[in-house]
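K.L.:
Have a peek at coords-v5.tsv (TSV, C-alpha atoms and all ligand atoms).
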chain	number	residue	atom	x	y	z
A	2	MET	CA	5.47	-1.76	-6.56
A	3	ARG	CA	2.69	-0.35	-4.44
A	4	SER	CA	0.58	2.40	-5.93
A	5	LEU	CA	1.01	5.93	-4.69
A	6	CYS	CA	-2.27	5.86	-2.83
A	7	ASP	CA	-1.33	2.66	-1.07
A	8	SER	CA	2.08	4.02	-0.21
A	9	MET	CA	0.46	7.11	1.13
A	10	LEU	CA	-1.79	5.13	3.42
A	11	LEU	CA	1.05	2.85	4.41
A	12	LEU	CA	3.23	5.80	5.22
A	13	LEU	CA	0.51	7.38	7.28
A	14	ILE	CA	0.09	4.10	9.06
A	15	ALA	CA	3.82	3.59	9.40
A	16	ALA	CA	4.12	7.09	10.76
A	17	VAL	CA	1.77	6.11	13.46
A	18	VAL	CA	2.64	2.47	14.13
A	19	VAL	CA	2.98	0.59	17.41
A	20	ALA	CA	2.38	2.52	20.61
A	21	THR	CA	2.70	2.04	24.37
A	22	ALA	CA	2.75	3.26	28.05
A	23	GLY	CA	4.52	5.49	30.49
A	24	VAL	CA	6.67	3.86	33.10
A	25	THR	CA	10.05	5.44	33.63
A	26	PRO	CA	12.76	2.86	34.15
A	27	ARG	CA	14.35	3.20	37.57
A	28	SER	CA	17.20	1.20	38.92
A	29	GLY	CA	15.96	-1.92	40.65
A	30	LEU	CA	14.82	-0.56	44.01
A	31	THR	CA	11.39	-2.11	44.25
A	32	SER	CA	11.59	-4.76	41.56
A	33	SER	CA	14.03	-6.31	39.17
A	34	TYR	CA	14.89	-4.56	35.95
A	35	GLY	CA	13.14	-7.30	34.01
A	36	GLN	CA	9.90	-6.75	35.93
A	37	GLN	CA	10.06	-3.04	35.28
A	38	ALA	CA	10.55	-3.75	31.61
A	39	LYS	CA	7.58	-6.09	31.63
A	40	ALA	CA	5.34	-3.52	33.34
A	41	PHE	CA	6.36	-0.90	30.80
A	42	ILE	CA	5.74	-3.26	27.88
A	43	ASP	CA	2.30	-4.28	29.18
A	44	GLN	CA	1.11	-0.75	29.72
A	45	SER	CA	2.61	0.31	26.43
A	46	SER	CA	0.71	-2.31	24.48
A	47	GLU	CA	-2.53	-1.13	25.99
A	48	ARG	CA	-1.79	2.48	25.19
A	49	TYR	CA	-0.68	1.48	21.73
A	50	PHE	CA	-3.95	-0.30	20.95
A	51	ARG	CA	-5.96	2.64	22.23
A	52	LEU	CA	-4.08	5.19	20.10
A	53	TYR	CA	-4.15	2.95	17.15
A	54	ASN	CA	-7.84	2.23	17.31
A	55	GLN	CA	-8.37	5.95	17.45
A	56	ILE	CA	-6.28	6.48	14.35
A	57	ALA	CA	-8.05	3.59	12.63
A	58	SER	CA	-11.48	5.02	13.26
A	59	GLU	CA	-10.36	8.46	12.08
A	60	THR	CA	-8.80	7.03	8.97
A	61	TYR	CA	-11.95	5.07	8.25
A	62	SER	CA	-14.21	8.02	8.78
A	63	ALA	CA	-11.94	10.01	6.44
A	64	ASN	CA	-12.08	7.41	3.72
A	65	ASN	CA	-14.30	9.34	1.39
A	66	GLU	CA	-12.52	12.64	1.63
A	67	GLU	CA	-9.12	12.09	0.19
A	68	ASP	CA	-8.43	15.68	-0.65
A	69	PHE	CA	-5.69	17.89	0.62
A	70	GLU	CA	-7.82	20.02	2.95
A	71	ALA	CA	-9.47	17.03	4.58
A	72	LEU	CA	-6.08	15.54	5.32
A	73	PHE	CA	-4.81	18.69	6.97
A	74	SER	CA	-7.92	19.28	8.99
A	75	LYS	CA	-7.16	15.97	10.70
A	76	LEU	CA	-3.80	17.15	11.86
A	77	THR	CA	-4.71	18.39	15.33
A	78	THR	CA	-5.60	14.92	16.52
A	79	VAL	CA	-2.69	13.36	14.69
A	80	LYS	CA	-0.33	15.83	16.41
A	81	ARG	CA	-1.57	14.86	19.84
A	82	ILE	CA	-1.21	11.17	19.11
A	83	ALA	CA	2.19	11.80	17.56
A	84	ASP	CA	3.45	13.37	20.78
A	85	GLU	CA	2.34	10.34	22.76
A	86	LEU	CA	4.09	7.97	20.38
A	87	VAL	CA	7.31	9.94	20.54
A	88	GLY	CA	7.05	9.82	24.33
A	89	ILE	CA	6.81	6.05	24.22
A	90	SER	CA	9.87	5.84	21.96
A	91	HIS	CA	11.88	7.95	24.37
A	92	GLU	CA	10.76	5.93	27.39
A	93	ALA	CA	11.66	2.69	25.62
A	94	SER	CA	15.08	4.10	24.73
A	95	GLY	CA	15.58	4.81	28.45
A	96	PHE	CA	15.88	1.08	29.13
A	97	ASP	CA	19.38	-0.34	29.10
A	98	LEU	CA	18.93	-3.43	26.92
A	99	SER	CA	22.06	-5.08	28.26
A	100	LYS	CA	20.33	-5.34	31.63
A	101	VAL	CA	17.26	-7.05	30.23
A	102	LYS	CA	17.80	-10.81	30.21
A	103	ASN	CA	14.56	-12.06	28.70
A	104	GLY	CA	14.85	-12.06	24.88
A	105	VAL	CA	11.11	-11.51	24.43
A	106	TYR	CA	11.24	-8.30	26.49
A	107	LYS	CA	14.36	-7.20	24.74
A	108	SER	CA	12.82	-7.34	21.28
A	109	ALA	CA	9.60	-5.76	22.55
A	110	LEU	CA	11.64	-2.84	23.88
A	111	GLU	CA	13.49	-2.56	20.59
A	112	GLU	CA	10.18	-2.48	18.76
A	113	LEU	CA	8.84	0.19	21.11
A	114	ARG	CA	11.89	2.30	20.48
A	115	SER	CA	10.82	2.84	16.90
A	116	VAL	CA	7.15	3.66	17.49
A	117	GLY	CA	7.85	7.39	17.39
A	118	ASP	CA	8.72	6.79	13.76
A	119	LEU	CA	8.71	9.92	11.59
A	120	PHE	CA	6.98	11.81	14.38
A	121	VAL	CA	10.34	12.16	16.13
A	122	LEU	CA	11.02	14.82	13.50
A	123	GLY	CA	8.59	17.05	15.37
A	124	GLU	CA	7.35	20.07	13.43
A	125	ASP	CA	9.32	18.98	10.37
A	126	TYR	CA	7.08	15.98	10.12
A	127	PHE	CA	4.00	18.11	9.77
A	128	SER	CA	5.46	20.90	7.66
A	129	LEU	CA	7.56	18.72	5.35
A	130	VAL	CA	6.64	15.06	5.33
A	131	GLN	CA	2.87	15.42	5.38
A	132	MET	CA	3.03	18.11	2.73
A	133	ASN	CA	5.25	16.02	0.49
A	134	LEU	CA	3.16	12.90	0.92
A	135	ALA	CA	0.02	14.80	0.09
A	136	SER	CA	1.53	16.29	-3.04
A	137	LEU	CA	2.84	12.91	-4.14
A	138	GLN	CA	-0.62	11.52	-3.81
A	139	LYS	CA	-2.13	14.42	-5.69
A	140	MET	CA	0.27	13.89	-8.56
A	141	SER	CA	-1.30	10.57	-9.35
A	142	THR	CA	-4.88	11.78	-9.10
A	143	ASP	CA	-4.69	15.34	-10.47
A	144	LYS	CA	-6.43	15.58	-13.79
A	145	ASP	CA	-3.79	17.62	-15.58
A	146	ILE	CA	-2.74	15.59	-18.62
A	147	GLU	CA	-4.09	16.55	-22.04
A	148	PRO	CA	-5.56	13.46	-23.71
A	149	TYR	CA	-3.69	11.97	-26.66
A	150	MET	CA	-4.55	13.67	-29.97
A	151	GLY	CA	-6.86	16.11	-28.23
A	152	GLY	CA	-9.13	13.29	-27.06
A	153	ALA	CA	-9.70	11.74	-30.51
A	154	LYS	CA	-9.25	8.26	-29.02
A	155	MET	CA	-11.36	8.85	-25.94
A	156	PRO	CA	-15.01	7.75	-25.70
A	157	ASN	CA	-17.15	10.50	-27.30
A	158	GLU	CA	-13.87	12.23	-28.20
A	159	ASP	CA	-13.88	13.66	-24.71
A	160	ASP	CA	-11.03	16.15	-24.44
A	161	SER	CA	-11.09	16.66	-20.66
A	162	PRO	CA	-7.71	16.40	-18.96
A	163	LEU	CA	-6.77	13.07	-17.38
A	164	ALA	CA	-5.17	11.84	-14.16
A	165	TYR	CA	-2.71	8.98	-13.97
A	166	TYR	CA	-4.98	7.13	-11.60
A	167	PRO	CA	-7.48	5.96	-12.71
A	168	ASP	CA	-7.74	7.46	-16.24
A	169	ILE	CA	-4.35	6.72	-17.74
A	170	GLN	CA	-4.18	3.37	-16.03
A	171	LYS	CA	-7.42	2.43	-17.78
A	172	ILE	CA	-6.01	3.49	-21.13
A	173	VAL	CA	-2.95	1.31	-20.55
A	174	GLN	CA	-5.35	-1.54	-19.78
A	175	ARG	CA	-7.09	-1.30	-23.15
A	176	SER	CA	-4.78	0.35	-25.66
A	177	SER	CA	-2.44	-1.43	-28.01
A	178	ASP	CA	-1.49	1.78	-29.81
A	179	VAL	CA	2.24	2.21	-29.21
A	180	ASP	CA	2.17	5.95	-29.87
A	181	GLU	CA	-0.69	6.52	-27.49
A	182	LEU	CA	1.00	4.50	-24.73
A	183	LYS	CA	4.27	6.28	-25.31
A	184	TYR	CA	2.57	9.67	-25.26
A	185	TYR	CA	1.06	9.07	-21.82
A	186	TRP	CA	4.22	7.52	-20.44
A	187	GLU	CA	6.29	10.53	-21.50
A	188	THR	CA	3.77	13.30	-20.86
A	189	TRP	CA	2.94	12.21	-17.34
A	190	ARG	CA	6.61	11.93	-16.45
A	191	ASP	CA	7.56	15.24	-18.08
A	192	LYS	CA	4.89	16.95	-16.10
A	193	ASN	CA	5.67	15.31	-12.76
A	194	GLN	CA	9.24	14.19	-12.59
A	195	ILE	CA	10.81	17.26	-10.98
A	196	TRP	CA	8.22	17.57	-8.24
A	197	ALA	CA	8.03	13.83	-7.74
A	198	SER	CA	11.80	13.74	-7.26
A	199	VAL	CA	11.80	16.66	-4.84
A	200	ASN	CA	8.99	15.19	-2.77
A	201	PHE	CA	10.42	11.71	-2.83
A	202	TYR	CA	13.87	12.95	-1.87
A	203	THR	CA	12.45	14.87	1.08
A	204	ILE	CA	10.63	11.78	2.32
A	205	VAL	CA	13.66	9.54	1.97
A	206	GLN	CA	15.74	12.13	3.78
A	207	SER	CA	13.15	12.35	6.55
A	208	TYR	CA	13.35	8.58	7.05
A	209	GLN	CA	17.12	8.85	7.28
A	210	LYS	CA	16.86	11.62	9.86
A	211	ALA	CA	14.24	9.82	11.94
A	212	ALA	CA	16.25	6.57	11.89
A	213	ASN	CA	19.24	8.56	13.03
A	214	ILE	CA	17.36	10.07	15.97
A	215	LEU	CA	15.92	6.67	16.94
A	216	GLU	CA	19.34	5.07	16.50
A	217	ILE	CA	18.05	2.25	14.32
A	218	PRO	CA	18.99	1.27	10.76
A	219	VAL	CA	16.91	3.14	8.19
A	220	HIS	CA	15.76	-0.11	6.55
A	221	GLN	CA	14.39	-1.25	9.86
A	222	LEU	CA	12.32	1.90	10.18
A	223	TRP	CA	10.96	1.59	6.66
A	224	TYR	CA	10.26	-2.15	6.55
A	225	ARG	CA	9.66	-2.64	10.28
A	226	TYR	CA	11.70	-5.78	10.11
A	227	ASP	CA	15.27	-6.80	10.76
A	228	SER	CA	16.95	-5.19	7.80
A	229	GLN	CA	20.02	-7.32	7.25
A	230	GLU	CA	18.10	-10.56	7.38
A	231	MET	CA	15.46	-9.21	5.03
A	232	ILE	CA	17.92	-7.87	2.49
A	233	GLN	CA	19.60	-11.27	2.37
A	234	GLN	CA	16.25	-13.01	1.97
A	235	MET	CA	15.31	-10.69	-0.87
A	236	GLU	CA	18.65	-11.25	-2.61
A	237	GLN	CA	18.12	-14.99	-2.24
A	238	ALA	CA	14.59	-14.85	-3.64
A	239	MET	CA	15.82	-12.74	-6.57
A	240	SER	CA	18.57	-15.16	-7.47
A	241	GLU	CA	16.13	-18.07	-7.30
A	242	LEU	CA	13.74	-16.23	-9.61
A	243	MET	CA	16.40	-15.06	-12.04
A	244	PRO	CA	16.45	-18.03	-14.47
A	245	VAL	CA	12.65	-18.07	-14.84
A	246	TYR	CA	12.53	-14.29	-15.04
A	247	LYS	CA	15.06	-14.24	-17.86
A	248	GLN	CA	13.01	-16.72	-19.86
A	249	LEU	CA	9.82	-14.82	-19.21
A	250	HIS	CA	11.45	-11.56	-20.21
A	251	ALA	CA	12.72	-13.12	-23.43
A	252	PHE	CA	9.27	-14.50	-24.19
A	253	VAL	CA	7.54	-11.14	-23.61
A	254	ARG	CA	10.13	-9.32	-25.71
A	255	HIS	CA	9.80	-11.85	-28.50
A	256	GLU	CA	6.00	-11.55	-28.54
A	257	LEU	CA	6.16	-7.76	-28.47
A	258	HIS	CA	8.68	-7.81	-31.30
A	259	LYS	CA	6.36	-10.03	-33.34
A	260	LYS	CA	3.47	-7.68	-32.63
A	261	TYR	CA	5.14	-4.30	-33.15
A	262	GLY	CA	8.25	-4.97	-35.25
A	263	SER	CA	11.89	-3.89	-34.96
A	264	ASP	CA	11.12	-0.18	-35.17
A	265	VAL	CA	9.43	-0.38	-31.79
A	266	VAL	CA	11.04	-3.35	-30.01
A	267	ASN	CA	14.68	-4.27	-30.31
A	268	PRO	CA	14.70	-8.10	-30.25
A	269	ASN	CA	17.92	-8.06	-28.22
A	270	GLY	CA	17.50	-4.93	-26.13
A	271	PRO	CA	15.45	-3.82	-23.16
A	272	ILE	CA	11.65	-3.78	-23.40
A	273	PRO	CA	10.31	-0.21	-23.72
A	274	ASP	CA	8.69	0.55	-20.38
A	275	HIS	CA	5.37	1.76	-21.75
A	276	LEU	CA	4.94	-1.62	-23.46
A	277	PHE	CA	6.03	-3.52	-20.41
A	278	GLN	CA	3.36	-1.71	-18.40
A	279	GLN	CA	0.81	-2.58	-21.03
A	280	VAL	CA	1.74	-6.27	-20.91
A	281	LEU	CA	1.32	-6.30	-17.14
A	282	GLU	CA	-1.99	-4.47	-17.22
A	283	GLN	CA	-3.40	-6.56	-20.04
A	284	ALA	CA	-2.31	-10.03	-18.99
A	285	TRP	CA	-5.21	-12.47	-19.48
A	286	GLU	CA	-7.30	-9.81	-21.26
A	287	GLU	CA	-8.47	-10.15	-24.82
A	288	GLY	CA	-5.73	-9.20	-27.30
A	289	SER	CA	-2.91	-9.55	-24.77
A	290	ILE	CA	0.38	-11.01	-25.92
A	291	ILE	CA	-0.64	-14.45	-24.66
A	292	GLU	CA	-3.92	-14.36	-26.60
A	293	SER	CA	-2.71	-16.83	-29.26
A	294	TYR	CA	-1.66	-19.31	-26.56
A	295	PHE	CA	-4.56	-18.79	-24.17
A	296	PRO	CA	-7.49	-17.24	-26.07
A	297	ARG	CA	-9.52	-15.13	-23.66
A	298	GLN	CA	-12.77	-16.58	-25.00
A	299	ARG	CA	-11.75	-20.08	-24.01
A	300	LEU	CA	-10.73	-19.11	-20.48
A	301	PRO	CA	-13.33	-19.14	-17.71
A	302	GLN	CA	-15.31	-15.89	-17.45
A	303	PHE	CA	-14.67	-15.44	-13.77
A	304	ASP	CA	-16.98	-12.47	-13.27
A	305	ASP	CA	-19.91	-14.71	-14.24
A	306	PHE	CA	-19.30	-16.76	-11.11
A	307	VAL	CA	-20.11	-13.82	-8.86
A	308	GLN	CA	-22.56	-11.72	-10.83
A	309	GLU	CA	-25.55	-12.98	-8.83
A	310	LEU	CA	-24.00	-11.96	-5.52
A	311	SER	CA	-24.22	-8.69	-3.63
A	312	ALA	CA	-21.13	-6.81	-2.49
A	313	LYS	CA	-21.65	-7.95	1.08
A	314	ALA	CA	-22.17	-11.54	-0.03
A	315	LEU	CA	-18.71	-11.49	-1.63
A	316	VAL	CA	-17.24	-10.63	1.74
A	317	ASN	CA	-19.19	-13.51	3.28
A	318	GLU	CA	-18.01	-15.85	0.52
A	319	SER	CA	-14.40	-15.16	1.38
A	320	GLU	CA	-15.13	-15.65	5.04
A	321	ASN	CA	-16.77	-19.00	4.19
A	322	PHE	CA	-13.63	-20.11	2.42
A	323	TYR	CA	-11.63	-19.71	5.62
A	324	THR	CA	-14.25	-21.24	7.89
A	325	SER	CA	-14.35	-24.21	5.52
A	326	LEU	CA	-10.65	-24.68	6.27
A	327	GLY	CA	-11.47	-24.84	9.96
A	328	PHE	CA	-10.95	-21.23	11.01
A	329	ASP	CA	-13.42	-19.55	13.37
A	330	SER	CA	-15.99	-17.29	11.79
A	331	LEU	CA	-15.79	-13.55	12.26
A	332	SER	CA	-17.67	-12.11	15.20
A	333	ALA	CA	-21.12	-10.59	14.90
A	334	ASP	CA	-19.51	-7.38	16.12
A	335	PHE	CA	-17.12	-7.47	13.17
A	336	HIS	CA	-20.00	-7.84	10.71
A	337	LYS	CA	-21.96	-5.12	12.46
A	338	ASN	CA	-19.38	-2.54	13.56
A	339	GLN	CA	-16.01	-3.19	12.00
A	340	LEU	CA	-17.01	-3.72	8.42
A	341	LYS	CA	-17.45	-0.40	6.72
A	342	GLU	CA	-20.03	-0.39	3.99
A	343	PRO	CA	-19.38	1.34	0.70
A	344	ASN	CA	-20.81	4.80	0.36
A	345	GLU	CA	-23.93	4.24	-1.70
A	346	ASP	CA	-24.49	7.95	-2.31
A	347	THR	CA	-21.28	8.23	-4.27
A	348	PRO	CA	-20.68	4.80	-5.81
A	349	ASN	CA	-17.10	4.55	-6.90
A	350	ASP	CA	-16.16	2.11	-9.59
A	351	ASP	CA	-12.49	2.53	-8.73
A	352	CYS	CA	-12.97	1.73	-5.06
A	353	ARG	CA	-10.40	-0.60	-3.55
A	354	PRO	CA	-11.18	-2.55	-0.38
A	355	SER	CA	-8.95	-1.70	2.52
A	356	LEU	CA	-7.99	-3.20	5.82
A	357	PHE	CA	-6.72	-1.77	9.09
A	358	ASP	CA	-5.25	-4.65	11.05
A	359	LEU	CA	-2.64	-3.16	13.33
A	360	THR	CA	-4.60	-3.88	16.50
A	361	PRO	CA	-6.97	-6.74	17.37
A	362	ARG	CA	-9.88	-4.47	16.48
A	363	VAL	CA	-9.57	-4.91	12.73
A	364	LEU	CA	-11.51	-2.61	10.41
A	365	MET	CA	-12.28	-3.45	6.84
A	366	MET	CA	-13.89	-1.44	4.08
A	367	TYR	CA	-15.47	-3.17	1.14
A	368	CYS	CA	-16.71	-1.85	-2.19
A	369	GLU	CA	-19.97	-1.76	-4.03
A	370	LYS	CA	-18.56	-3.21	-7.20
A	371	VAL	CA	-19.17	-6.92	-7.67
A	372	SER	CA	-16.39	-8.66	-9.57
A	373	PHE	CA	-14.20	-11.70	-9.27
A	374	ARG	CA	-11.21	-9.43	-8.64
A	375	LYS	CA	-12.97	-7.96	-5.60
A	376	LEU	CA	-13.70	-11.45	-4.31
A	377	MET	CA	-10.00	-12.28	-4.57
A	378	GLN	CA	-9.05	-9.04	-2.83
A	379	TYR	CA	-11.39	-9.91	0.06
A	380	HIS	CA	-9.78	-13.34	0.29
A	381	GLY	CA	-6.43	-11.59	0.65
A	382	HIS	CA	-7.73	-9.32	3.39
A	383	MET	CA	-9.48	-12.15	5.22
A	384	ALA	CA	-6.27	-14.15	5.21
A	385	ARG	CA	-4.57	-11.36	7.13
B	1	LIG	C1	10.32	-14.28	28.95
B	1	LIG	O1	9.04	-13.72	29.25
B	1	LIG	C2	7.93	-14.42	28.69
B	1	LIG	C3	6.67	-13.61	28.91
B	1	LIG	O2	6.49	-13.24	30.24
B	1	LIG	C4	7.88	-15.81	29.31
B	1	LIG	O3	6.80	-16.54	28.76
B	1	LIG	C5	9.19	-16.52	29.05
B	1	LIG	O4	9.20	-17.77	29.70
B	1	LIG	C6	10.38	-15.69	29.51
B	1	LIG	N1	11.62	-16.32	29.07
B	1	LIG	C7	12.63	-16.58	29.90
B	1	LIG	C8	13.83	-17.21	29.28
B	1	LIG	O5	12.56	-16.33	31.08
B	2	LIG	C1	-23.18	-12.11	5.79
B	2	LIG	O1	-22.89	-12.76	7.03
B	2	LIG	C2	-23.44	-12.11	8.16
B	2	LIG	C3	-22.93	-12.82	9.39
B	2	LIG	O2	-23.00	-14.21	9.27
B	2	LIG	C4	-24.97	-12.13	8.05
B	2	LIG	O3	-25.53	-11.48	9.16
B	2	LIG	C5	-25.40	-11.45	6.77
B	2	LIG	O4	-26.78	-11.53	6.59
B	2	LIG	C6	-24.69	-12.05	5.56
B	2	LIG	N1	-25.00	-11.21	4.40
B	2	LIG	C7	-25.17	-11.70	3.17
B	2	LIG	C8	-25.56	-10.74	2.12
B	2	LIG	O5	-25.02	-12.88	2.90
Before anything else, please render the file you have as structure tokens.
Ligand SMILES: *[C@@H]1O[C@H](CO)[C@@H](O)[C@H](O)[C@H]1NC(C)=O
Ligand SMILES: *[C@@H]1O[C@H](CO)[C@@H](O)[C@H](O)[C@H]1NC(C)=O
P.N.:
Amino acid sequence: MRSLCDSMLLLLIAAVVVATAGVTPRSGLTSSYGQQAKAFIDQSSERYFRLYNQIASETYSANNEEDFEALFSKLTTVKRIADELVGISHEASGFDLSKVKNGVYKSALEELRSVGDLFVLGEDYFSLVQMNLASLQKMSTDKDIEPYMGGAKMPNEDDSPLAYYPDIQKIVQRSSDVDELKYYWETWRDKNQIWASVNFYTIVQSYQKAANILEIPVHQLWYRYDSQEMIQQMEQAMSELMPVYKQLHAFVRHELHKKYGSDVVNPNGPIPDHLFQQVLEQAWEEGSIIESYFPRQRLPQFDDFVQELSAKALVNESENFYTSLGFDSLSADFHKNQLKEPNEDTPNDDCRPSLFDLTPRVLMMYCEKVSFRKLMQYHGHMAR
């Protein structure tokens, strides 16, 4: 499951995806229908890249100001771009697909139909969707949860209120105290579930409405992929995984039962979610449930491999991996202008590298922190 912040960014991106140009389809007076379609598609791609690069550079300049106000102050530009995207969607819908013979053009036109995305909702997009997305994001980062036992278990018995991300997540990464884990699981949900449901419901409903207007299946709008085929593929993958998953689940439950006893874990029932989260967060850490099988001390200390390197050198290391496989190196322009350096004035230990790769002008932001995990994340981004 993606984190809320990721979803937020993805939704913003999705809400802004794929754009194109203005040629109104006319019946074939001067050229064939197929040629008109091609001209429209070509111009649209160009317009799409231009709008997108604009959004990318705005998003990247906004990276350090994730607050509510900052987001809304950006809306004037977003509104203008939104109108253009909706225009492209409408123009693409104007083409009669049954008259387009070339399959490549046909699917390009179908794709262009959906570029208006949630923006086809018009004012509702800005008054409802944006608002709900912003509040969903705030829910995960608002520091409004009293610490367990008034902060007695926090460093220096700090009793300041906590946010889910990153504070509570860090506690789940280190705690093996069932009551503490349960307290945070329940308290955060008690505090947020009503608003989270309302916001989430509004967003889901908005997707349904937009899909309706665009006359495409809602799954296609959300996943940007042929929905039926994908659902079948996911079902298939799930059934292939099922036997292994069942064994893994039984193993985790058995280990948790050994560790915490029958009062906490029913050896034949579901795994309590707060413990399941803990297992996921603590896998391969010291004291995790696989400790007796794979003692942390005997595993390689991966961070040692990179501790001599600078943040930028980690990015270069991942590039080197791909060039060693025979891929071209990244351009000097990429290194100079498309790679956003971390903000050294406000170093952020919780920074996550990000990538904007929806046009050929890819932007990437890296982080100051030097760790093996970051190196792996850069490898992932480089692969894309
Ligand atoms: C469809 O158009 C593409 C791009 O112009 C072209 O490469 C391809 O050969 C065309 N296909 C057919 C079946 O005409
Ligand atoms: C990373 O690679 C770029 C491009 O090859 C180079 O200019 C830069 O000096 C390298 N930086 C580090 C820290 O290795």
K.L.:
I'd like the contact shell of stretch 351-368 of chain A - 6 Å cut-off, only C-alpha atoms, skipping same-chain residues fewer than 4 positions apart - returned as a ChimeraX atom specification.
P.N.:
/A:50,339-341,343
K.L.:
Could you check which of A:Glu111, A:His220, A:Arg299, A:Glu320 is closest to A:Ser99, using all atoms listed in the file?
P.N.:
A:Glu111
K.L.:
Would you list the contacts of A:Gln55 as a list in words, taking every protein, DNA or RNA residue within 10 Å and counting all atoms listed in the file, but skipping same-chain residues closer than 5 positions in sequence?
P.N.:
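So the residues in contact are Tyr49, Phe50, Thr60, Tyr61, Thr78, Val79 and Ile82 of chain A.
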K.L.:
List all protein, DNA and RNA residues that have an atom no more than 9 Å from any atom of ligand LIG 2 (chain B), counting only C-alpha atoms and all ligand atoms, and report them as a list in words.
P.N.:
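Sorted by chain and then by number, the residues are Leu310, Ser311, Ala312, Lys313, Ala314, Leu315, Val316, Asn317, Glu318, Glu320, Ser330, Leu331, Ser332, Ala333, Phe335, His336 and Lys337 of chain A.
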K.L.:
How many Å lie between atom CA of A:Gln248 and atom CA of A:Asn269, rounded to one decimal?
P.N.:
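Straight-line distance from atom CA of A:Gln248 to atom CA of A:Asn269 works out to 13.0 Å.
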K.L.:
Determine the axis-aligned bounding box of all atoms of ligand LIG 1 (chain B) present in the file, pad each side by 4 Å, and express its centre and edge lengths in Å to one decimal place as lines of an AutoDock Vina configuration file.
P.N.:
center_x = 10.2
center_y = -15.5
center_z = 29.9
size_x = 15.3
size_y = 12.5
size_z = 10.4
K.L.:
Find the residues near ligand LIG 1 (chain B). Use a cut-off of 10 Å, count all atoms listed in the file, and write them as a PDB file with C-alpha atoms, in the frame of the given file.
P.N.:
ATOM      1  CA  GLY A  35      13.140  -7.300  34.010  1.00  0.00           C
ATOM      2  CA  GLN A  36       9.900  -6.750  35.930  1.00  0.00           C
ATOM      3  CA  LYS A  39       7.580  -6.090  31.630  1.00  0.00           C
ATOM      4  CA  ASP A  43       2.300  -4.280  29.180  1.00  0.00           C
ATOM      5  CA  LYS A 102      17.800 -10.810  30.210  1.00  0.00           C
ATOM      6  CA  ASN A 103      14.560 -12.060  28.700  1.00  0.00           C
ATOM      7  CA  GLY A 104      14.850 -12.060  24.880  1.00  0.00           C
ATOM      8  CA  VAL A 105      11.110 -11.510  24.430  1.00  0.00           C
ATOM      9  CA  TYR A 106      11.240  -8.300  26.490  1.00  0.00           C
ATOM     10  CA  LYS A 107      14.360  -7.200  24.740  1.00  0.00           C
TER      11      LYS A 107
END
K.L.:
For each of A:Glu216, A:Glu241, A:Asp350, A:Glu92, take the minimum atom-to-atom distance to A:Lys375, counting all atoms listed in the file, then give the residue where this is smallest.
P.N.:
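Once distances to A:Lys375 are computed over all atoms listed in the file, the minimum belongs to A:Asp350.
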K.L.:
Ranking A:Lys80, A:Phe41, A:Ser136, A:Asp178 by minimum distance to A:Gly95 and counting all atoms listed in the file, which one comes first?
P.N.:
A:Phe41
K.L.:
As an exercise, work out the distance from atom CA of A:Ser90 to atom CA of A:Ile204 in Å and give it to one decimal place.
P.N.:
20.5 Å
K.L.:
Give me, as a compact mmCIF listing (two decimals) with C-alpha atoms, in the coordinates of the input, all polymer residues having an atom no more than 12 Å from A:Ile169, counting only C-alpha atoms and skipping those fewer than 4 positions away in the same chain.
P.N.:
# COMPACT_ATOMS: atom_id res chain seq x y z
CA SER A 141 -1.30 10.57 -9.35
CA THR A 142 -4.88 11.78 -9.10
CA ASP A 143 -4.69 15.34 -10.47
CA LYS A 144 -6.43 15.58 -13.79
CA ASP A 145 -3.79 17.62 -15.58
CA ILE A 146 -2.74 15.59 -18.62
CA GLU A 147 -4.09 16.55 -22.04
CA PRO A 148 -5.56 13.46 -23.71
CA TYR A 149 -3.69 11.97 -26.66
CA MET A 155 -11.36 8.85 -25.94
CA PRO A 162 -7.71 16.40 -18.96
CA LEU A 163 -6.77 13.07 -17.38
CA ALA A 164 -5.17 11.84 -14.16
CA TYR A 165 -2.71 8.98 -13.97
CA VAL A 173 -2.95 1.31 -20.55
CA GLN A 174 -5.35 -1.54 -19.78
CA ARG A 175 -7.09 -1.30 -23.15
CA SER A 176 -4.78 0.35 -25.66
CA GLU A 181 -0.69 6.52 -27.49
CA LEU A 182 1.00 4.50 -24.73
CA LYS A 183 4.27 6.28 -25.31
CA TYR A 184 2.57 9.67 -25.26
CA TYR A 185 1.06 9.07 -21.82
CA TRP A 186 4.22 7.52 -20.44
CA GLU A 187 6.29 10.53 -21.50
CA THR A 188 3.77 13.30 -20.86
CA TRP A 189 2.94 12.21 -17.34
CA HIS A 275 5.37 1.76 -21.75
CA GLN A 278 3.36 -1.71 -18.40
CA GLN A 279 0.81 -2.58 -21.03
CA GLU A 282 -1.99 -4.47 -17.22
K.L.:
Kindly give the distance, in Å, that separates atom CA of A:Gly117 and atom CA of A:Gln229, rounded to a single decimal.
P.N.:
21.6 Å
K.L.:
Identify, on the basis of only C-alpha atoms, every residue whose closest approach to stretch 205-209 of chain A does not exceed 8 Å; exclude the query and any residue fewer than 2 positions from it along the same chain; express the result as a list in words.
P.N.:
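After dropping sequence-adjacent residues, the list is Leu119, Leu122, Tyr126, Val130, Phe201, Tyr202, Thr203, Ala211, Ala212, Asn213, Val219, Leu222 and Trp223 of chain A.
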K.L.:
Quick one: of A:Ser115, A:Asn344, A:Asn54, A:Ser94, who's nearest to A:Ile217, counting all atoms listed in the file?
P.N.:
A:Ser115
